[in-house]
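Okay, structure_3.cif is below, mmCIF, C-alpha atoms and all ligand atoms:
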```cif
data_query
#
loop_
_atom_site.group_PDB
_atom_site.id
_atom_site.type_symbol
_atom_site.label_atom_id
_atom_site.label_comp_id
_atom_site.auth_asym_id
_atom_site.auth_seq_id
_atom_site.Cartn_x
_atom_site.Cartn_y
_atom_site.Cartn_z
ATOM 1 C CA MET S 3 89.181 93.168 52.220
ATOM 2 C CA THR S 4 90.891 90.487 54.285
ATOM 3 C CA GLU S 5 92.933 92.086 57.063
ATOM 4 C CA ARG S 6 94.803 91.111 60.185
ATOM 5 C CA THR S 7 94.425 92.842 63.511
ATOM 6 C CA PHE S 8 96.142 92.491 66.874
ATOM 7 C CA SER S 9 94.218 91.462 69.981
ATOM 8 C CA ILE S 10 95.061 91.105 73.654
ATOM 9 C CA ILE S 11 92.920 89.232 76.157
ATOM 10 C CA LYS S 12 93.808 91.334 79.210
ATOM 11 C CA PRO S 13 94.634 90.235 82.793
ATOM 12 C CA ASP S 14 91.114 90.782 84.208
ATOM 13 C CA ALA S 15 89.806 88.240 81.677
ATOM 14 C CA THR S 16 92.588 85.647 82.027
ATOM 15 C CA GLU S 17 92.298 85.845 85.831
ATOM 16 C CA LYS S 18 88.615 84.924 85.532
ATOM 17 C CA ASN S 19 89.304 82.012 83.125
ATOM 18 C CA LEU S 20 87.515 83.825 80.314
ATOM 19 C CA THR S 21 90.032 83.115 77.515
ATOM 20 C CA GLY S 22 87.756 80.537 75.908
ATOM 21 C CA ALA S 23 84.623 82.644 76.382
ATOM 22 C CA VAL S 24 86.282 85.635 74.688
ATOM 23 C CA ASN S 25 87.573 83.416 71.886
ATOM 24 C CA ALA S 26 84.051 82.054 71.352
ATOM 25 C CA VAL S 27 82.759 85.601 70.751
ATOM 26 C CA ILE S 28 85.672 86.345 68.394
ATOM 27 C CA GLU S 29 85.090 83.178 66.355
ATOM 28 C CA ALA S 30 81.302 83.580 66.285
ATOM 29 C CA ALA S 31 81.893 87.036 64.771
ATOM 30 C CA GLY S 32 83.709 85.428 61.846
ATOM 31 C CA LEU S 33 87.234 86.334 62.890
ATOM 32 C CA ARG S 34 89.860 83.587 62.658
ATOM 33 C CA ILE S 35 92.538 83.294 65.369
ATOM 34 C CA VAL S 36 95.650 82.759 63.199
ATOM 35 C CA ALA S 37 98.206 83.170 66.024
ATOM 36 C CA GLN S 38 97.870 83.082 69.784
ATOM 37 C CA LYS S 39 100.126 82.812 72.831
ATOM 38 C CA ARG S 40 99.838 83.330 76.561
ATOM 39 C CA ILE S 41 102.602 85.553 77.960
ATOM 40 C CA LYS S 42 103.412 87.558 81.044
ATOM 41 C CA MET S 43 104.001 91.050 79.731
ATOM 42 C CA SER S 44 107.108 92.767 81.082
ATOM 43 C CA ARG S 45 106.921 96.352 82.306
ATOM 44 C CA ALA S 46 109.083 97.398 79.318
ATOM 45 C CA GLN S 47 106.751 95.624 76.861
ATOM 46 C CA ALA S 48 103.646 97.236 78.400
ATOM 47 C CA GLU S 49 105.233 100.694 78.489
ATOM 48 C CA LYS S 50 106.258 100.383 74.836
ATOM 49 C CA PHE S 51 102.893 98.989 73.758
ATOM 50 C CA TYR S 52 100.955 101.854 75.402
ATOM 51 C CA GLU S 53 103.590 104.544 74.689
ATOM 52 C CA VAL S 54 100.949 106.713 72.970
ATOM 53 C CA HIS S 55 99.172 107.013 76.345
ATOM 54 C CA SER S 56 102.324 107.784 78.391
ATOM 55 C CA ALA S 57 101.211 111.335 79.259
ATOM 56 C CA ARG S 58 97.717 110.264 80.360
ATOM 57 C CA PRO S 59 96.903 110.223 84.103
ATOM 58 C CA PHE S 60 95.997 106.509 83.963
ATOM 59 C CA PHE S 61 99.279 105.383 82.341
ATOM 60 C CA GLY S 62 100.895 104.052 85.543
ATOM 61 C CA GLU S 63 97.735 102.177 86.507
ATOM 62 C CA LEU S 64 97.455 100.778 82.964
ATOM 63 C CA VAL S 65 101.025 99.400 83.012
ATOM 64 C CA GLU S 66 100.462 97.889 86.488
ATOM 65 C CA PHE S 67 97.269 96.246 85.269
ATOM 66 C CA MET S 68 98.723 94.834 82.046
ATOM 67 C CA THR S 69 101.665 93.271 83.920
ATOM 68 C CA ARG S 70 99.862 91.840 86.961
ATOM 69 C CA ALA S 71 98.799 88.542 85.374
ATOM 70 C CA PRO S 72 99.217 86.707 82.057
ATOM 71 C CA VAL S 73 97.646 88.005 78.874
ATOM 72 C CA VAL S 74 96.834 86.199 75.631
ATOM 73 C CA VAL S 75 98.175 87.996 72.555
ATOM 74 C CA GLN S 76 96.520 87.121 69.262
ATOM 75 C CA VAL S 77 96.435 87.833 65.556
ATOM 76 C CA LEU S 78 92.903 87.829 64.136
ATOM 77 C CA GLU S 79 92.167 87.547 60.421
ATOM 78 C CA GLY S 80 89.015 88.286 58.487
ATOM 79 C CA ASP S 81 87.058 90.671 56.310
ATOM 80 C CA ASN S 82 87.647 94.211 57.609
ATOM 81 C CA ALA S 83 89.210 92.639 60.704
ATOM 82 C CA VAL S 84 90.386 95.914 62.280
ATOM 83 C CA ALA S 85 86.978 97.620 62.323
ATOM 84 C CA ARG S 86 85.092 94.358 62.832
ATOM 85 C CA TYR S 87 87.035 93.507 65.990
ATOM 86 C CA ARG S 88 86.544 97.036 67.387
ATOM 87 C CA GLU S 89 82.773 96.419 66.944
ATOM 88 C CA VAL S 90 82.976 93.006 68.607
ATOM 89 C CA MET S 91 84.966 94.457 71.548
ATOM 90 C CA GLY S 92 82.527 97.299 72.245
ATOM 91 C CA ALA S 93 83.213 100.749 73.683
ATOM 92 C CA THR S 94 86.299 101.339 75.869
ATOM 93 C CA ASN S 95 84.038 101.897 78.894
ATOM 94 C CA PRO S 96 81.899 98.762 79.371
ATOM 95 C CA ALA S 97 79.106 101.009 80.696
ATOM 96 C CA ASP S 98 78.822 102.387 77.147
ATOM 97 C CA ALA S 99 79.340 99.086 75.312
ATOM 98 C CA ALA S 100 76.583 97.589 73.150
ATOM 99 C CA GLU S 101 74.794 94.360 74.083
ATOM 100 C CA GLY S 102 76.633 91.218 73.043
ATOM 101 C CA THR S 103 80.063 92.870 72.852
ATOM 102 C CA ILE S 104 82.997 91.372 74.750
ATOM 103 C CA ARG S 105 83.325 94.412 77.018
ATOM 104 C CA LYS S 106 79.592 94.482 77.791
ATOM 105 C CA LEU S 107 79.628 90.765 78.550
ATOM 106 C CA TYR S 108 82.829 90.529 80.578
ATOM 107 C CA ALA S 109 84.559 93.840 81.425
ATOM 108 C CA ASP S 110 84.678 95.354 84.905
ATOM 109 C CA SER S 111 85.609 98.999 84.276
ATOM 110 C CA VAL S 112 87.058 101.468 81.771
ATOM 111 C CA GLY S 113 90.550 100.405 82.835
ATOM 112 C CA GLU S 114 89.985 96.663 83.271
ATOM 113 C CA ASN S 115 88.126 96.175 80.032
ATOM 114 C CA SER S 116 89.062 92.612 79.035
ATOM 115 C CA VAL S 117 90.433 93.156 75.521
ATOM 116 C CA HIS S 118 92.608 95.290 73.276
ATOM 117 C CA GLY S 119 92.164 95.631 69.529
ATOM 118 C CA SER S 120 94.191 97.692 67.058
ATOM 119 C CA ASP S 121 92.583 100.990 66.005
ATOM 120 C CA SER S 122 94.029 101.101 62.456
ATOM 121 C CA LEU S 123 95.656 98.824 59.898
ATOM 122 C CA ASP S 124 98.991 100.621 60.358
ATOM 123 C CA ASN S 125 98.872 100.143 64.117
ATOM 124 C CA ALA S 126 97.829 96.510 63.633
ATOM 125 C CA ARG S 127 101.038 95.856 61.672
ATOM 126 C CA ILE S 128 103.173 97.599 64.295
ATOM 127 C CA GLU S 129 101.481 95.818 67.215
ATOM 128 C CA ILE S 130 101.616 92.366 65.575
ATOM 129 C CA ALA S 131 105.343 92.869 64.924
ATOM 130 C CA GLN S 132 105.930 93.702 68.616
ATOM 131 C CA PHE S 133 104.718 90.235 69.697
ATOM 132 C CA PHE S 134 104.884 87.833 66.736
ATOM 133 C CA THR S 135 107.349 86.750 64.072
ATOM 134 C CA ASP S 136 105.942 86.024 60.607
ATOM 135 C CA ASP S 137 106.398 82.253 61.002
ATOM 136 C CA GLU S 138 104.239 82.230 64.154
ATOM 137 C CA ILE S 139 101.222 83.426 62.144
ATOM 138 C CA VAL S 140 99.491 80.590 60.305
ATOM 139 C CA GLY S 141 96.661 81.933 58.176
HETATM 140 P P1 LIG K 1 90.757 101.305 73.531
HETATM 141 O O1 LIG K 1 91.411 100.142 74.264
HETATM 142 O O2 LIG K 1 89.269 101.137 73.445
HETATM 143 O O3 LIG K 1 91.400 101.603 72.201
HETATM 144 P P2 LIG K 1 92.129 103.682 74.552
HETATM 145 O O4 LIG K 1 93.108 103.506 73.438
HETATM 146 O O5 LIG K 1 91.499 105.023 74.708
HETATM 147 O O6 LIG K 1 90.955 102.591 74.464
HETATM 148 O O7 LIG K 1 92.834 103.348 75.942
HETATM 149 C C1 LIG K 1 93.723 102.273 76.049
HETATM 150 C C2 LIG K 1 93.431 101.528 77.337
HETATM 151 O O8 LIG K 1 93.743 102.366 78.437
HETATM 152 C C3 LIG K 1 91.960 101.150 77.555
HETATM 153 O O9 LIG K 1 91.571 99.981 76.859
HETATM 154 C C4 LIG K 1 91.917 100.966 79.052
HETATM 155 O O10 LIG K 1 92.487 99.714 79.461
HETATM 156 C C5 LIG K 1 92.844 102.097 79.501
HETATM 157 N N1 LIG K 1 92.075 103.321 79.793
HETATM 158 C C6 LIG K 1 91.510 104.162 78.890
HETATM 159 N N2 LIG K 1 90.871 105.175 79.498
HETATM 160 C C7 LIG K 1 91.033 104.984 80.839
HETATM 161 C C8 LIG K 1 90.609 105.687 82.017
HETATM 162 N N3 LIG K 1 89.880 106.806 81.934
HETATM 163 N N4 LIG K 1 90.963 105.194 83.218
HETATM 164 C C9 LIG K 1 91.716 104.065 83.317
HETATM 165 N N5 LIG K 1 92.152 103.355 82.250
HETATM 166 C C10 LIG K 1 91.816 103.790 81.030
HETATM 167 MG MG MG K 2 93.275 102.336 71.737
#
```
Just give me the structure of the file as structure tokens.
Amino acid sequence: MTERTFSIIKPDATEKNLTGAVNAVIEAAGLRIVAQKRIKMSRAQAEKFYEVHSARPFFGELVEFMTRAPVVVQVLEGDNAVARYREVMGATNPADAAEGTIRKLYADSVGENSVHGSDSLDNARIEIAQFFTDDEIVG
């Protein structure tokens, strides 16, 4: 089934000029980038986005990281896009990520792991709506 998922190219990747390299992996995997913009996330945006992790010991560090440099927020479209992008990203900890995945190729650590991808279709809808209006998505 054709789905949309939400992606973030995180600060560690934008700082290293890896936006295009990450996008090449996304597109080679058959996912279409149907919306994309580079933004500086505010503290409030990052705290809201990662609200589910607010009780975790790494929450403060995560918000600092996500706000320290620009990110690229994206909407990706394709067959089974939610699960497919999670595969393409690789495991949260790059040390555990499979060969050829974005995190294996480019990520530095479990915290600075280059990309975000929605973990369910419901969360994809919620996350897309936090950063994009309908008219910004051109499928
Ligand atoms: P994923 O991004 O793979 O869905 P999680 O939802 O578990 O992973 O965590 C959200 C983000 O929080 C991770 O992508 C990573 O940036 C950060 N994070 C997760 N676990 C840790 C950790 N143990 N230490 C530091 N940061 C972490
Ligand atoms: Mg997650």
Give me the result of the PyMOL selection byres (((chain S and resi 55-67) around 9) and not hetatm) on this file, residue by residue, as a PDB file with C-alpha atoms, in the coordinates of the input.
```
ATOM      1  CA  LYS S  12      93.808  91.334  79.210  1.00  0.00           C
ATOM      2  CA  PRO S  13      94.634  90.235  82.793  1.00  0.00           C
ATOM      3  CA  ASP S  14      91.114  90.782  84.208  1.00  0.00           C
ATOM      4  CA  ARG S  45     106.921  96.352  82.306  1.00  0.00           C
ATOM      5  CA  ALA S  48     103.646  97.236  78.400  1.00  0.00           C
ATOM      6  CA  GLU S  49     105.233 100.694  78.489  1.00  0.00           C
ATOM      7  CA  TYR S  52     100.955 101.854  75.402  1.00  0.00           C
ATOM      8  CA  GLU S  53     103.590 104.544  74.689  1.00  0.00           C
ATOM      9  CA  VAL S  54     100.949 106.713  72.970  1.00  0.00           C
ATOM     10  CA  MET S  68      98.723  94.834  82.046  1.00  0.00           C
ATOM     11  CA  THR S  69     101.665  93.271  83.920  1.00  0.00           C
ATOM     12  CA  ARG S  70      99.862  91.840  86.961  1.00  0.00           C
ATOM     13  CA  ALA S  71      98.799  88.542  85.374  1.00  0.00           C
ATOM     14  CA  GLY S 113      90.550 100.405  82.835  1.00  0.00           C
ATOM     15  CA  GLU S 114      89.985  96.663  83.271  1.00  0.00           C
TER      16      GLU S 114
END
```
Which residue gives the smallest distance to Arg40 of chain S among S:Asp98, S:Phe134, S:Lys106, S:Ser122, with all atoms listed in the file counted? S:Phe134
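Listed by chain and then by number, the residues chosen by the PyMOL selection byres (((chain S and resi 32) around 12) and not hetatm) in this file are Thr4, Asn25, Ala26, Val27, Ile28, Glu29, Ala30, Ala31, Leu33, Arg34, Ile35, Leu78, Glu79, Gly80, Asp81, Asn82, Ala83, Arg86, Tyr87 and Val90 of chain S.
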Pairwise distance, atom CA of Asp137 of chain S with atom CA of Val36 of chain S, equals 11.0 Å
Since I can't run it myself right now, could you work out what the PyMOL selection byres (((chain S and resi 116-118) around 6) and not hetatm) selects here and report it as an MDAnalysis selection string? chainID S and resid 9:12 14:15 109 114:115 119
Restricted to C-alpha atoms, what would the selected residues look like written as a PDB file, in the frame of the given file?
```pdb
ATOM      1  CA  SER S   9      94.218  91.462  69.981  1.00  0.00           C
ATOM      2  CA  ILE S  10      95.061  91.105  73.654  1.00  0.00           C
ATOM      3  CA  ILE S  11      92.920  89.232  76.157  1.00  0.00           C
ATOM      4  CA  LYS S  12      93.808  91.334  79.210  1.00  0.00           C
ATOM      5  CA  ASP S  14      91.114  90.782  84.208  1.00  0.00           C
ATOM      6  CA  ALA S  15      89.806  88.240  81.677  1.00  0.00           C
ATOM      7  CA  ALA S 109      84.559  93.840  81.425  1.00  0.00           C
ATOM      8  CA  GLU S 114      89.985  96.663  83.271  1.00  0.00           C
ATOM      9  CA  ASN S 115      88.126  96.175  80.032  1.00  0.00           C
ATOM     10  CA  GLY S 119      92.164  95.631  69.529  1.00  0.00           C
TER      11      GLY S 119
END
```
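Here the question is which of S:Lys50, S:Arg105, S:Lys42, S:Arg6 gets nearest to ligand LIG 1 (chain K) using all atoms listed in the file, and that residue is S:Arg105.
From atom CA of Gln132 of chain S back to atom O4 of ligand LIG 1 (chain K), the distance works out to 16.8 Å.
Considering all atoms listed in the file, the residue among S:Ile104, S:Met91, S:Ala97, S:Val75 positioned nearest to Ala37 of chain S is S:Val75.
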Between atom P2 of ligand LIG 1 (chain K) and atom CA of Glu138 of chain S, measure the distance and give it in Å to one decimal. 26.7 Å
Nearest to ligand MG 2 (chain K) by atom-to-atom distance, counting only C-alpha atoms and all ligand atoms, from S:Ala126, S:Ala46, S:Val74, S:Val24: S:Ala126
Please determine an axis-aligned box that encloses all atoms of ligand LIG 1 (chain K) listed in the file, with 8 Å added on each side, and express its centre and edge lengths in Å to one decimal as JSON.
```
{"center_x": 91.5, "center_y": 103.3, "center_z": 77.8, "size_x": 20.5, "size_y": 23.1, "size_z": 27.1}
```
Identify, on the basis of only C-alpha atoms, every residue whose closest approach to Arg88 of chain S does not exceed 8 Å; exclude the query and any residue fewer than 4 positions from it along the same chain; express the result as a ChimeraX atom specification. /S:84,92,119-121
Would you output that residue set with C-alpha atoms, as a PDB file, in the frame of the given file?
```
ATOM      1  CA  VAL S  84      90.386  95.914  62.280  1.00  0.00           C
ATOM      2  CA  GLY S  92      82.527  97.299  72.245  1.00  0.00           C
ATOM      3  CA  GLY S 119      92.164  95.631  69.529  1.00  0.00           C
ATOM      4  CA  SER S 120      94.191  97.692  67.058  1.00  0.00           C
ATOM      5  CA  ASP S 121      92.583 100.990  66.005  1.00  0.00           C
TER       6      ASP S 121
END
```
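Checking S:Ser44, S:Ser111, S:Thr94, S:Val77 one by one against ligand MG 2 (chain K), counting all atoms listed in the file, you find the shortest gap at S:Thr94.
Of the residues listed (S:Pro72, S:Met3, S:Glu89, S:Phe8), S:Phe8 shows the shortest atom-to-atom separation from Arg127 of chain S; distances use all atoms listed in the file.
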